[in-house]
Amino acid sequence: MYRLSGDRDEAMRMMKRSRRIMCWLPGTDCGLCGTPSCQALAEDIVRHRGDISQCVFIRESNLEKELMDRERSAGIMRRIWGDNNFEKNCNKKGAENESN
Ligand code: SF4
């Protein structure tokens with residue numbers, strides 16, 4: 001709890017907010033939002049270091065409901081993972097031309 005804030009009362013409020021945010025996150029801990037777990041993203045959000053739209057599931061849901069467009073969704077993914085992960089690269093680990 002104290003990792004959220006050094007102040008006990010503030011930490012409790014932040015923990016409650018984080019738990020409310022967890023109601024929306026899927027809990028699959030896939031890491032595609034750039035954090036190691038859904039809980040970590042929820043804690044980042046309450047510390048104003050993250051946004052719920054970093055979650056791929058939330059983004060897909062928002063795309064489906066037409067609350068977000070593909071360009072914005074792709075922009076979030078590029079910001080998290082970098083542009084080079086969206087291009088073909090046969091030199092990366094496990095790919096055709098991986099150098100030994
Ligand atoms: S992308 Fe969504 S489901 Fe995956 S770890 Fe992040 S919050 Fe959880």
# chains A, B, ... in the order shown; residues from 1 in each chain; ligands from 1
>>> residues_near_ligand(ligand="ligand 1", cutoff="10 Å", atoms="only C-alpha atoms and all ligand atoms", output="number ranges by chain")
A: 21-22, 24-42, 51-59
>>> closest_residue(among="A:Arg78, A:Arg47, A:Arg13, A:Arg72", to="Glu60 in chain A", atoms="only C-alpha atoms")
A:Arg72
>>> closest_residue(among="A:Cys23, A:Glu98, A:Val46, A:Ser61", to="Arg3 in chain A", atoms="only C-alpha atoms")
A:Val46
>>> closest_residue(among="A:Asp44, A:Gly50, A:Leu4, A:Arg17", to="Ile80 in chain A", atoms="only C-alpha atoms")
A:Gly50
>>> atom_distance(atom1="CA of Met77 in chain A", atom2="CA of Ala95 in chain A")
21.7 Å
